[in-house]
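Structure file structure34.cif (mmCIF, C-alpha atoms (C1' of nucleotides)) follows.
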```cif
data_entry
loop_
_atom_site.label_atom_id
_atom_site.label_comp_id
_atom_site.auth_asym_id
_atom_site.auth_seq_id
_atom_site.Cartn_x
_atom_site.Cartn_y
_atom_site.Cartn_z
CA MET A 10 14.83 -36.42 -1.77
CA ALA A 11 15.13 -35.20 1.75
CA ARG A 12 12.64 -34.68 4.54
CA ALA A 13 8.96 -35.05 3.82
CA ALA A 14 7.70 -31.93 5.53
CA LEU A 15 6.38 -28.95 3.61
CA SER A 16 5.79 -28.58 -0.12
CA ALA A 17 4.54 -25.83 -2.36
CA ASP A 18 1.04 -27.24 -2.14
CA ALA A 19 1.18 -27.45 1.61
CA VAL A 20 2.31 -23.85 1.82
CA VAL A 21 -0.59 -22.82 -0.36
CA ASP A 22 -2.93 -24.79 1.89
CA VAL A 23 -1.70 -22.98 4.94
CA ALA A 24 -1.89 -19.63 3.18
CA LEU A 25 -5.45 -20.26 2.09
CA ARG A 26 -6.51 -21.21 5.57
CA LEU A 27 -4.87 -18.06 6.86
CA VAL A 28 -6.69 -15.91 4.34
CA ASP A 29 -9.99 -17.64 5.10
CA GLU A 30 -9.64 -16.89 8.76
CA GLU A 31 -8.00 -13.49 8.81
CA GLY A 32 -8.62 -11.93 5.44
CA PRO A 33 -6.35 -11.21 2.49
CA GLY A 34 -4.68 -8.38 4.36
CA ALA A 35 -3.24 -10.84 6.84
CA LEU A 36 -1.36 -12.75 4.18
CA THR A 37 2.27 -12.36 5.09
CA LEU A 38 5.11 -14.80 4.77
CA ALA A 39 5.78 -14.43 8.46
CA ALA A 40 2.21 -15.44 9.28
CA VAL A 41 2.25 -18.36 6.88
CA ALA A 42 5.57 -19.59 8.22
CA SER A 43 4.35 -19.32 11.77
CA ARG A 44 1.27 -21.39 10.98
CA ALA A 45 3.38 -23.90 9.15
CA GLY A 46 5.63 -24.16 12.20
CA VAL A 47 8.67 -23.06 10.30
CA ALA A 48 10.97 -20.03 10.07
CA THR A 49 10.04 -17.46 7.47
CA PRO A 50 12.98 -17.96 5.13
CA SER A 51 12.25 -21.66 4.95
CA LEU A 52 9.23 -20.91 2.81
CA TYR A 53 11.55 -19.85 0.03
CA LYS A 54 12.50 -23.48 -0.38
CA HIS A 55 9.02 -24.12 -1.70
CA VAL A 56 7.85 -20.88 -3.19
CA ARG A 57 9.86 -18.31 -5.11
CA ASN A 58 8.45 -15.35 -3.24
CA LEU A 59 5.26 -13.75 -2.00
CA ALA A 60 4.10 -12.89 -5.49
CA GLU A 61 4.38 -16.48 -6.56
CA LEU A 62 2.53 -17.64 -3.48
CA ARG A 63 -0.28 -15.28 -4.39
CA ALA A 64 -0.33 -16.60 -7.92
CA LEU A 65 -0.45 -20.19 -6.73
CA MET A 66 -3.28 -19.33 -4.40
CA SER A 67 -5.23 -17.60 -7.12
CA ALA A 68 -4.77 -20.53 -9.43
CA ARG A 69 -6.00 -22.86 -6.76
CA ILE A 70 -9.03 -20.71 -6.10
CA MET A 71 -9.84 -20.54 -9.80
CA ASP A 72 -9.64 -24.29 -9.94
CA GLU A 73 -11.94 -24.75 -7.00
CA LEU A 74 -14.41 -22.35 -8.48
CA ALA A 75 -14.22 -24.04 -11.86
CA GLU A 76 -14.86 -27.37 -10.24
CA ARG A 77 -17.92 -26.21 -8.34
CA ILE A 78 -19.30 -24.59 -11.42
CA GLY A 79 -18.52 -27.52 -13.61
CA GLU A 80 -20.51 -29.75 -11.30
CA ALA A 81 -23.37 -27.31 -11.10
CA VAL A 82 -23.71 -27.13 -14.85
CA LEU A 83 -23.49 -30.83 -15.45
CA GLY A 84 -26.54 -32.18 -17.22
CA ARG A 85 -28.27 -28.84 -17.51
CA SER A 86 -28.54 -26.58 -20.46
CA ALA A 87 -29.63 -23.14 -21.55
CA ASP A 88 -31.43 -21.09 -18.94
CA GLU A 89 -31.21 -23.82 -16.36
CA ALA A 90 -27.47 -24.05 -16.85
CA ILE A 91 -27.01 -20.32 -16.51
CA ARG A 92 -29.06 -20.22 -13.40
CA ALA A 93 -27.17 -23.11 -11.84
CA LEU A 94 -23.88 -21.63 -12.85
CA MET A 95 -24.59 -18.25 -11.40
CA THR A 96 -25.93 -19.74 -8.22
CA ALA A 97 -22.88 -21.92 -7.81
CA TRP A 98 -20.59 -18.95 -8.33
CA ARG A 99 -22.31 -16.92 -5.70
CA ASP A 100 -22.47 -19.81 -3.28
CA TYR A 101 -18.75 -20.24 -3.59
CA VAL A 102 -18.12 -16.60 -2.92
CA LEU A 103 -20.42 -16.57 0.08
CA ALA A 104 -18.74 -19.62 1.48
CA HIS A 105 -15.26 -18.19 0.98
CA ALA A 106 -15.52 -14.45 0.76
CA HIS A 107 -11.97 -13.79 1.88
CA ARG A 108 -10.61 -16.35 -0.45
CA TYR A 109 -12.45 -14.85 -3.34
CA SER A 110 -11.16 -11.41 -2.46
CA ALA A 111 -7.66 -12.79 -2.54
CA LEU A 112 -8.13 -13.51 -6.21
CA GLY A 113 -7.19 -10.66 -8.49
CA GLN A 114 -4.19 -9.88 -6.36
CA ALA A 115 -2.05 -11.97 -8.64
CA PRO A 116 -0.51 -11.20 -12.03
CA GLU A 117 -1.25 -13.40 -14.98
CA PRO A 118 1.04 -16.42 -15.33
CA LEU A 119 -0.64 -19.42 -13.74
CA VAL A 120 -3.84 -17.67 -12.94
CA ALA A 121 -4.63 -17.05 -16.56
CA GLU A 122 -4.19 -20.72 -17.25
CA ALA A 123 -6.48 -21.76 -14.44
CA GLY A 124 -8.92 -19.13 -15.59
CA GLU A 125 -9.16 -20.67 -19.01
CA ARG A 126 -10.57 -23.85 -17.64
CA LEU A 127 -13.26 -21.80 -16.00
CA ILE A 128 -13.92 -19.89 -19.17
CA GLY A 129 -14.19 -23.15 -21.06
CA ILE A 130 -16.97 -24.20 -18.76
CA LEU A 131 -18.83 -20.95 -19.23
CA LEU A 132 -18.45 -21.20 -22.97
CA ALA A 133 -19.82 -24.72 -22.96
CA ALA A 134 -22.78 -23.63 -20.92
CA LEU A 135 -23.53 -20.96 -23.49
CA ARG A 136 -23.37 -23.25 -26.49
CA ALA A 137 -26.94 -24.14 -25.77
CA TYR A 138 -28.05 -20.72 -26.85
CA GLY A 139 -26.88 -21.44 -30.34
CA LEU A 140 -24.55 -18.49 -30.43
CA GLU A 141 -21.96 -17.96 -33.13
CA ASP A 142 -18.40 -18.57 -31.95
CA SER A 143 -17.73 -14.92 -31.58
CA GLU A 144 -21.07 -14.23 -29.99
CA ALA A 145 -20.36 -16.91 -27.45
CA ILE A 146 -17.13 -15.18 -26.50
CA HIS A 147 -18.95 -11.94 -25.92
CA ALA A 148 -21.61 -13.68 -23.92
CA THR A 149 -18.99 -15.39 -21.79
CA ARG A 150 -17.35 -12.11 -21.04
CA CYS A 151 -20.65 -10.66 -20.00
CA LEU A 152 -21.26 -13.56 -17.71
CA ARG A 153 -17.87 -13.14 -16.15
CA ALA A 154 -18.37 -9.44 -15.69
CA VAL A 155 -21.78 -9.85 -14.13
CA MET A 156 -20.79 -12.58 -11.74
CA HIS A 157 -17.45 -11.16 -10.80
CA GLY A 158 -18.90 -7.72 -10.26
CA PHE A 159 -21.62 -8.96 -7.99
CA ALA A 160 -19.22 -11.26 -6.19
CA VAL A 161 -16.69 -8.55 -5.51
CA LEU A 162 -19.28 -6.12 -4.26
CA GLU A 163 -21.02 -8.65 -2.09
CA ALA A 164 -17.73 -9.98 -0.74
CA GLU A 165 -16.65 -6.54 0.35
CA ASN A 166 -20.03 -5.70 1.76
CA ALA A 167 -20.65 -2.92 -0.68
CA PHE A 168 -24.41 -3.38 -0.65
CA GLN A 169 -25.75 -1.51 2.32
CA LEU A 170 -29.49 -1.20 2.08
CA PRO A 171 -31.73 -3.76 3.71
CA GLU A 172 -33.14 -5.21 0.50
CA LYS A 173 -32.43 -8.90 0.24
CA LEU A 174 -29.46 -9.77 -1.91
CA ASP A 175 -31.09 -13.01 -2.95
CA GLU A 176 -33.72 -11.00 -4.73
CA THR A 177 -31.14 -8.82 -6.38
CA TYR A 178 -29.40 -11.89 -7.63
CA GLU A 179 -32.65 -13.22 -9.00
CA LEU A 180 -33.00 -10.08 -11.03
CA LEU A 181 -29.44 -10.38 -12.20
CA VAL A 182 -29.97 -13.93 -13.37
CA HIS A 183 -33.12 -12.87 -15.11
CA MET A 184 -31.24 -10.07 -16.81
CA VAL A 185 -28.58 -12.39 -18.11
CA VAL A 186 -30.96 -15.03 -19.30
CA THR A 187 -33.25 -12.55 -20.99
CA GLY A 188 -30.35 -10.72 -22.55
CA LEU A 189 -28.87 -13.89 -23.93
CA ARG A 190 -32.11 -14.95 -25.49
CA LYS A 191 -32.63 -11.89 -27.61
CA PRO A 192 -29.37 -11.49 -29.56
CA LEU A 193 -29.58 -7.71 -29.84
CA GLY A 194 -30.77 -6.39 -33.13
CA GLY A 195 -30.84 -2.62 -33.58
CA ALA A 196 -28.70 -0.35 -31.44
CA MET B 2 -2.10 29.64 9.99
CA ALA B 3 1.44 28.98 8.92
CA ARG B 4 3.04 28.22 5.58
CA ALA B 5 0.87 27.59 2.57
CA ALA B 6 2.53 24.45 1.26
CA LEU B 7 0.85 21.08 1.17
CA SER B 8 -2.65 20.11 2.25
CA ALA B 9 -4.62 16.91 2.41
CA ASP B 10 -6.06 17.62 -1.01
CA ALA B 11 -2.67 18.30 -2.48
CA VAL B 12 -1.35 15.05 -1.09
CA VAL B 13 -4.25 13.21 -2.64
CA ASP B 14 -3.52 14.94 -5.94
CA VAL B 15 0.05 13.79 -5.88
CA ALA B 16 -0.95 10.28 -4.88
CA LEU B 17 -3.46 10.07 -7.69
CA ARG B 18 -0.92 11.19 -10.22
CA LEU B 19 1.47 8.61 -8.89
CA VAL B 20 -1.08 5.86 -9.20
CA ASP B 21 -2.03 6.98 -12.67
CA GLU B 22 1.54 6.76 -13.82
CA GLU B 23 2.89 3.79 -11.94
CA GLY B 24 -0.09 1.75 -10.88
CA PRO B 25 -1.71 1.13 -7.51
CA GLY B 26 1.18 -1.05 -6.43
CA ALA B 27 3.51 1.93 -6.50
CA LEU B 28 1.48 3.81 -3.94
CA THR B 29 3.78 4.28 -1.00
CA LEU B 30 4.14 7.16 1.37
CA ALA B 31 7.79 7.39 0.46
CA ALA B 32 6.94 7.76 -3.21
CA VAL B 33 4.23 10.31 -2.55
CA ALA B 34 6.50 12.33 -0.29
CA SER B 35 9.26 12.26 -2.84
CA ARG B 36 6.94 13.56 -5.54
CA ALA B 37 5.64 16.21 -3.22
CA GLY B 38 9.21 17.29 -2.52
CA VAL B 39 8.92 16.58 1.16
CA ALA B 40 10.18 14.07 3.71
CA THR B 41 7.98 11.06 4.31
CA PRO B 42 6.92 11.84 7.88
CA SER B 43 5.77 15.28 6.80
CA LEU B 44 2.81 13.67 5.09
CA TYR B 45 1.43 12.78 8.48
CA LYS B 46 0.74 16.42 9.03
CA HIS B 47 -1.95 16.20 6.36
CA VAL B 48 -3.11 12.64 6.39
CA ARG B 49 -3.57 10.33 9.32
CA ASN B 50 -1.85 7.39 7.67
CA LEU B 51 -1.67 5.36 4.49
CA ALA B 52 -5.09 3.86 5.04
CA GLU B 53 -6.65 7.28 5.25
CA LEU B 54 -4.84 8.42 2.16
CA ARG B 55 -6.30 5.45 0.33
CA ALA B 56 -9.74 6.29 1.60
CA LEU B 57 -9.41 9.90 0.51
CA MET B 58 -8.26 8.79 -2.89
CA SER B 59 -11.14 6.40 -3.25
CA ALA B 60 -13.60 9.06 -2.25
CA ARG B 61 -12.14 11.41 -4.80
CA ILE B 62 -12.33 8.79 -7.50
CA MET B 63 -15.92 8.01 -6.64
CA ASP B 64 -16.71 11.69 -6.89
CA GLU B 65 -15.05 12.04 -10.25
CA LEU B 66 -16.90 9.03 -11.53
CA ALA B 67 -20.18 10.28 -10.16
CA GLU B 68 -19.62 13.61 -11.84
CA ARG B 69 -18.93 12.11 -15.22
CA ILE B 70 -21.90 9.88 -14.96
CA GLY B 71 -24.12 12.61 -13.72
CA GLU B 72 -23.28 14.68 -16.77
CA ALA B 73 -23.74 11.76 -19.10
CA VAL B 74 -27.20 11.04 -17.80
CA LEU B 75 -28.38 14.63 -17.83
CA GLY B 76 -31.42 15.10 -19.99
CA ARG B 77 -31.72 11.49 -20.99
CA SER B 78 -34.03 8.87 -19.71
CA ALA B 79 -34.78 5.19 -19.79
CA ASP B 80 -32.73 3.16 -22.24
CA GLU B 81 -30.87 6.18 -23.46
CA ALA B 82 -29.89 7.08 -19.93
CA ILE B 83 -28.68 3.58 -19.19
CA ARG B 84 -26.66 3.47 -22.32
CA ALA B 85 -25.07 6.83 -21.65
CA LEU B 86 -24.41 5.93 -18.07
CA MET B 87 -22.73 2.67 -18.91
CA THR B 88 -20.68 4.27 -21.64
CA ALA B 89 -19.53 7.03 -19.34
CA TRP B 90 -18.54 4.54 -16.70
CA ARG B 91 -16.45 2.55 -19.08
CA ASP B 92 -14.91 5.63 -20.61
CA TYR B 93 -13.81 6.74 -17.21
CA VAL B 94 -12.23 3.40 -16.46
CA LEU B 95 -10.46 3.30 -19.78
CA ALA B 96 -9.12 6.78 -19.27
CA HIS B 97 -7.93 6.02 -15.73
CA ALA B 98 -7.51 2.29 -15.42
CA HIS B 99 -4.97 2.48 -12.62
CA ARG B 100 -7.02 4.96 -10.74
CA TYR B 101 -10.06 2.77 -10.97
CA SER B 102 -8.08 -0.22 -9.76
CA ALA B 103 -7.03 1.82 -6.76
CA LEU B 104 -10.66 1.95 -5.70
CA GLY B 105 -11.80 -0.90 -3.53
CA GLN B 106 -8.55 -0.80 -1.62
CA ALA B 107 -10.18 1.35 0.99
CA PRO B 108 -12.49 0.49 3.89
CA GLU B 109 -15.85 2.16 4.21
CA PRO B 110 -15.83 5.50 6.01
CA LEU B 111 -15.63 8.27 3.43
CA VAL B 112 -15.85 6.03 0.45
CA ALA B 113 -19.28 4.81 1.34
CA GLU B 114 -20.45 8.37 1.56
CA ALA B 115 -19.03 9.28 -1.82
CA GLY B 116 -20.50 6.09 -3.18
CA GLU B 117 -23.96 7.11 -2.15
CA ARG B 118 -23.92 10.09 -4.41
CA LEU B 119 -23.09 7.78 -7.26
CA ILE B 120 -25.83 5.40 -6.28
CA GLY B 121 -28.25 8.28 -6.15
CA ILE B 122 -27.51 9.03 -9.74
CA LEU B 123 -28.02 5.45 -10.78
CA LEU B 124 -31.28 5.32 -8.90
CA ALA B 125 -32.49 8.46 -10.59
CA ALA B 126 -31.60 7.05 -13.98
CA LEU B 127 -33.69 4.03 -13.21
CA ARG B 128 -36.77 5.91 -12.12
CA ALA B 129 -37.72 6.12 -15.76
CA TYR B 130 -38.45 2.43 -15.81
CA GLY B 131 -41.25 2.93 -13.38
CA LEU B 132 -39.86 0.50 -10.87
CA GLU B 133 -41.16 0.15 -7.35
CA ASP B 134 -38.83 1.59 -4.71
CA SER B 135 -37.50 -1.76 -3.81
CA GLU B 136 -37.26 -2.89 -7.39
CA ALA B 137 -35.21 0.17 -8.17
CA ILE B 138 -32.75 -0.76 -5.45
CA HIS B 139 -32.29 -4.19 -6.91
CA ALA B 140 -31.89 -2.76 -10.37
CA THR B 141 -29.29 -0.30 -9.14
CA ARG B 142 -27.33 -3.08 -7.54
CA CYS B 143 -27.40 -5.02 -10.77
CA LEU B 144 -26.17 -2.01 -12.64
CA ARG B 145 -23.35 -1.55 -10.20
CA ALA B 146 -22.40 -5.19 -10.38
CA VAL B 147 -22.41 -5.28 -14.14
CA MET B 148 -20.40 -2.13 -14.61
CA HIS B 149 -17.98 -2.73 -11.82
CA GLY B 150 -17.40 -6.29 -12.92
CA PHE B 151 -16.67 -5.33 -16.47
CA ALA B 152 -14.57 -2.41 -15.38
CA VAL B 153 -12.41 -4.45 -13.04
CA LEU B 154 -11.84 -7.16 -15.57
CA GLU B 155 -11.07 -4.77 -18.37
CA ALA B 156 -8.81 -2.65 -16.18
CA GLU B 157 -6.75 -5.64 -15.22
CA ASN B 158 -6.63 -6.95 -18.73
CA ALA B 159 -8.51 -10.08 -17.91
CA PHE B 160 -10.05 -10.36 -21.35
CA GLN B 161 -7.54 -12.09 -23.57
CA LEU B 162 -9.18 -13.15 -26.80
CA PRO B 163 -9.10 -10.90 -29.83
CA GLU B 164 -12.80 -10.17 -29.93
CA LYS B 165 -13.49 -6.48 -29.63
CA LEU B 166 -14.44 -5.32 -26.18
CA ASP B 167 -16.65 -2.63 -27.64
CA GLU B 168 -18.89 -5.34 -28.97
CA THR B 169 -18.91 -7.13 -25.69
CA TYR B 170 -19.98 -3.97 -24.00
CA GLU B 171 -22.75 -3.50 -26.51
CA LEU B 172 -24.07 -6.87 -25.56
CA LEU B 173 -23.79 -6.03 -21.90
CA VAL B 174 -25.74 -2.83 -22.35
CA HIS B 175 -28.34 -4.70 -24.31
CA MET B 176 -28.59 -7.26 -21.56
CA VAL B 177 -29.17 -4.64 -18.92
CA VAL B 178 -31.68 -2.70 -20.90
CA THR B 179 -33.61 -5.76 -21.91
CA GLY B 180 -33.53 -7.17 -18.43
CA LEU B 181 -34.80 -3.97 -16.92
CA ARG B 182 -37.69 -3.78 -19.31
CA LYS B 183 -39.23 -7.12 -18.47
CA PRO B 184 -39.54 -7.10 -14.68
CA LEU B 185 -39.17 -10.88 -14.31
CA GLY B 186 -42.36 -12.77 -13.90
CA GLY B 187 -42.10 -16.57 -13.69
CA ALA B 188 -38.78 -18.34 -13.07
"C1'" DC C 3 7.11 46.62 15.62
"C1'" DA C 4 7.91 42.79 18.94
"C1'" DG C 5 6.19 38.47 20.77
"C1'" DT C 6 3.56 34.12 20.54
"C1'" DC C 7 2.36 29.92 19.12
"C1'" DA C 8 0.18 26.80 16.09
"C1'" DT C 9 1.51 24.83 11.67
"C1'" DG C 10 4.23 22.31 8.65
"C1'" DG C 11 8.74 20.30 8.03
"C1'" DC C 12 12.75 17.65 9.48
"C1'" DT C 13 15.81 14.02 11.49
"C1'" DA C 14 16.23 9.96 14.19
"C1'" DA C 15 14.42 5.74 15.85
"C1'" DT C 16 11.40 1.60 15.89
"C1'" DG C 17 9.22 -2.36 14.23
"C1'" DA C 18 7.15 -5.29 10.52
"C1'" DC C 19 8.25 -7.43 6.31
"C1'" DA C 20 10.44 -9.59 2.24
"C1'" DT C 21 14.36 -11.31 0.57
"C1'" DT C 22 19.29 -13.07 0.40
"C1'" DA C 23 23.45 -15.43 1.99
"C1'" DG C 24 25.56 -19.03 4.05
"C1'" DC C 25 25.62 -22.79 7.41
"C1'" DT C 26 23.61 -27.26 9.25
"C1'" DT C 27 20.90 -31.28 9.50
"C1'" DT C 28 18.40 -35.01 7.57
"C1'" DT C 29 17.69 -38.71 4.57
"C1'" DG C 30 17.26 -41.41 0.50
"C1'" DA C 31 20.18 -43.53 -3.06
"C1'" DG C 32 24.09 -46.10 -4.07
"C1'" DC D 2 28.22 -46.57 5.21
"C1'" DT D 3 28.79 -42.44 2.41
"C1'" DC D 4 27.34 -38.38 0.46
"C1'" DA D 5 24.87 -35.00 -2.00
"C1'" DA D 6 20.64 -32.74 -2.46
"C1'" DA D 7 16.76 -31.05 0.09
"C1'" DA D 8 14.82 -28.46 3.72
"C1'" DG D 9 15.71 -25.84 7.84
"C1'" DC D 10 17.86 -22.21 10.42
"C1'" DT D 11 20.16 -17.83 11.88
"C1'" DA D 12 21.94 -13.46 10.63
"C1'" DA D 13 21.91 -9.52 7.75
"C1'" DT D 14 19.95 -6.02 4.50
"C1'" DG D 15 16.77 -2.88 2.62
"C1'" DT D 16 12.19 -0.90 2.26
"C1'" DC D 17 8.18 0.72 4.50
"C1'" DA D 18 4.97 2.85 7.84
"C1'" DT D 19 4.67 5.13 11.86
"C1'" DT D 20 6.08 7.80 16.13
"C1'" DA D 21 8.68 11.10 18.89
"C1'" DG D 22 10.68 15.22 19.47
"C1'" DC D 23 12.99 19.36 17.60
"C1'" DC D 24 13.11 23.74 14.55
"C1'" DA D 25 11.58 27.46 11.49
"C1'" DT D 26 8.07 30.40 9.89
"C1'" DG D 27 4.70 33.52 9.58
"C1'" DA D 28 -0.09 35.03 10.92
"C1'" DC D 29 -2.13 37.47 14.57
"C1'" DT D 30 -2.04 40.27 19.15
"C1'" DG D 31 -1.08 44.05 21.55
#
```
Just give me the structure of the file as structure tokens.
Amino acid sequence: MARAALSADAVVDVALRLVDEEGPGALTLAAVASRAGVATPSLYKHVRNLAELRALMSARIMDELAERIGEAVLGRSADEAIRALMTAWRDYVLAHAHRYSALGQAPEPLVAEAGERLIGILLAALRAYGLEDSEAIHATRCLRAVMHGFAVLEAENAFQLPEKLDETYELLVHMVVTGLRKPLGGA
Amino acid sequence: MARAALSADAVVDVALRLVDEEGPGALTLAAVASRAGVATPSLYKHVRNLAELRALMSARIMDELAERIGEAVLGRSADEAIRALMTAWRDYVLAHAHRYSALGQAPEPLVAEAGERLIGILLAALRAYGLEDSEAIHATRCLRAVMHGFAVLEAENAFQLPEKLDETYELLVHMVVTGLRKPLGGA
DNA sequence: CAGTCATGGCTAATGACATTAGCTTTTGAG
DNA sequence: CTCAAAAGCTAATGTCATTAGCCATGACTG
């Protein structure tokens, strides 16, 4: 080994702080290097390139989110679990809007892996509804879609009107819970 | 006036075609100019800068989407309207995944305006549920969140497992319809 | 029909980035 | 103490966006 100094993780830390403070648009190797007190090319000793940095960041974010949600769901089941899960998701996004926006901007390698942990948690939370394996998959996807959609829109301030978003989210939770209870029969 | 040639709209056309074919990441003034058979700086005669081009594109996409959805909803109401609306939304995304992904990458000026037309349509579709003004707003937001979330995830291929997405969407529609019918009482 | 002048295009230049190449310093292992 | 790998650095390249300033054209005016 040589000097202690930086490391891939440290670079990701710096990058995340940068994104938190200045938004995903400010993520540039130059900016990260500057914050890390190092010349830009030095970053390449720890990270293959900008794309990889983005992927590492996304994976980290997924992990954080999965952790929060895992905790939130612990010991709860069915409706209570869903409610806790959805609340935790939104709380995370509100606490780190920029960070959440930075997700998505990464291809699939590591991110997909990190995402699976998250999906596992969702799936577990849905077991309580006694869904068939396949049904549980569909339900998980719906959950993801609902939460991600709301998160993205709220994070980018896409909801203009004065109505309280807390109330909207209540309705959304209600929608999910209700929808999961009645396993669709006809149409 | 002088030469006929390009125009802001034409530039947007070219840019949209580019995005359709090569993805949002390929959107660069150089690429657009090349396709338009013109030198890069010439684009500035029609568009203030890349950011504005993005905004114009987003507005155009919003309009297209609103149009499709408007047609889909025509003459239907309540559950049928919701179903048609959601189907139209997804169909649009599937037909123009790259284009849809290119949304969001624009700030608020024109896009917000174009978005309002779309929201108007959603609101109208929800009138049939006899919701209070405010309730209708919340419901519209939920609709947006659900559809946008699913659209984004599907467009970026975030659903891995083999289960059919058509079925997932069925469940999602069911969830929305069911949730809208029972206006949440207790929890 | 000649003369203007705004429009749309062009080339050249600048500045931010990402990325690569190649050199230097530091330091842990032996 | 020696030395090789690790971690930094500077310099160089190529791609972009954006700006400045110049030229051609053609739609109107008179």
Taking the file as shown, find all residues satisfying the PyMOL selection byres ((chain D) within 7 of (chain A)) and write them as a compact mmCIF listing (two decimals) with C-alpha atoms (C1' of nucleotides), in the coordinates of the input.
```
# COMPACT_ATOMS: atom_id res chain seq x y z
C1' DA D 6 20.64 -32.74 -2.46
C1' DA D 7 16.76 -31.05 0.09
C1' DA D 8 14.82 -28.46 3.72
C1' DG D 9 15.71 -25.84 7.84
```
Any idea which chain C residues end up within 8 Å of chain A if we count only C-alpha atoms (C1' of nucleotides), as number ranges by chain please? C: 19-20, 28-30
Using only C-alpha atoms and a distance of at most 6 Å, pull out the residues of chain B that contact chain A, as a VMD selection string. chain B and resid 139 143 146 to 147 149 to 151 169 173 176 179 to 180
One decimal, Å: what's the distance from atom CA of B:Thr88 over to atom CA of B:Glu68, could you say? 13.6 Å
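For the set D:DC2, D:DA18, D:DA13, D:DA25, the residue with the smallest atom-to-atom gap to B:Ala52 is D:DA18, counting all atoms listed in the file.
Distance-wise, atom CA of B:Gly131 and atom CA of B:Ala79 end up 9.4 Å apart.
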Mind pulling up the distance from atom CA of B:Glu72 to atom CA of B:Asp92? 12.9 Å
Stretch 68-79 of chain A rebuilt with N, CA and C atoms, output as a PDB file, in the frame of the given file:
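Resulting contents of selection35.pdb:
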```pdb
ATOM      1  N   ALA A  68      -4.525 -19.419  -8.520  1.00  0.00           N
ATOM      2  CA  ALA A  68      -4.770 -20.530  -9.430  1.00  0.00           C
ATOM      3  C   ALA A  68      -5.610 -21.603  -8.736  1.00  0.00           C
ATOM      4  N   ARG A  69      -5.273 -21.849  -7.509  1.00  0.00           N
ATOM      5  CA  ARG A  69      -6.000 -22.860  -6.760  1.00  0.00           C
ATOM      6  C   ARG A  69      -7.457 -22.462  -6.595  1.00  0.00           C
ATOM      7  N   ILE A  70      -7.667 -21.197  -6.294  1.00  0.00           N
ATOM      8  CA  ILE A  70      -9.030 -20.710  -6.100  1.00  0.00           C
ATOM      9  C   ILE A  70      -9.818 -20.826  -7.404  1.00  0.00           C
ATOM     10  N   MET A  71      -9.195 -20.409  -8.483  1.00  0.00           N
ATOM     11  CA  MET A  71      -9.840 -20.540  -9.800  1.00  0.00           C
ATOM     12  C   MET A  71     -10.245 -21.989 -10.041  1.00  0.00           C
ATOM     13  N   ASP A  72      -9.350 -22.883  -9.710  1.00  0.00           N
ATOM     14  CA  ASP A  72      -9.640 -24.290  -9.940  1.00  0.00           C
ATOM     15  C   ASP A  72     -10.826 -24.761  -9.116  1.00  0.00           C
ATOM     16  N   GLU A  73     -10.815 -24.372  -7.857  1.00  0.00           N
ATOM     17  CA  GLU A  73     -11.940 -24.750  -7.000  1.00  0.00           C
ATOM     18  C   GLU A  73     -13.245 -24.250  -7.580  1.00  0.00           C
ATOM     19  N   LEU A  74     -13.207 -22.970  -7.939  1.00  0.00           N
ATOM     20  CA  LEU A  74     -14.410 -22.350  -8.480  1.00  0.00           C
ATOM     21  C   LEU A  74     -14.851 -23.072  -9.750  1.00  0.00           C
ATOM     22  N   ALA A  75     -13.901 -23.349 -10.606  1.00  0.00           N
ATOM     23  CA  ALA A  75     -14.220 -24.040 -11.860  1.00  0.00           C
ATOM     24  C   ALA A  75     -14.849 -25.394 -11.571  1.00  0.00           C
ATOM     25  N   GLU A  76     -14.332 -26.052 -10.556  1.00  0.00           N
ATOM     26  CA  GLU A  76     -14.860 -27.370 -10.240  1.00  0.00           C
ATOM     27  C   GLU A  76     -16.307 -27.274  -9.780  1.00  0.00           C
ATOM     28  N   ARG A  77     -16.548 -26.369  -8.841  1.00  0.00           N
ATOM     29  CA  ARG A  77     -17.920 -26.210  -8.340  1.00  0.00           C
ATOM     30  C   ARG A  77     -18.872 -25.909  -9.491  1.00  0.00           C
ATOM     31  N   ILE A  78     -18.418 -25.016 -10.356  1.00  0.00           N
ATOM     32  CA  ILE A  78     -19.300 -24.590 -11.420  1.00  0.00           C
ATOM     33  C   ILE A  78     -19.491 -25.682 -12.452  1.00  0.00           C
ATOM     34  N   GLY A  79     -18.411 -26.394 -12.683  1.00  0.00           N
ATOM     35  CA  GLY A  79     -18.520 -27.520 -13.610  1.00  0.00           C
ATOM     36  C   GLY A  79     -19.584 -28.502 -13.143  1.00  0.00           C
TER      37      GLY A  79
END
```
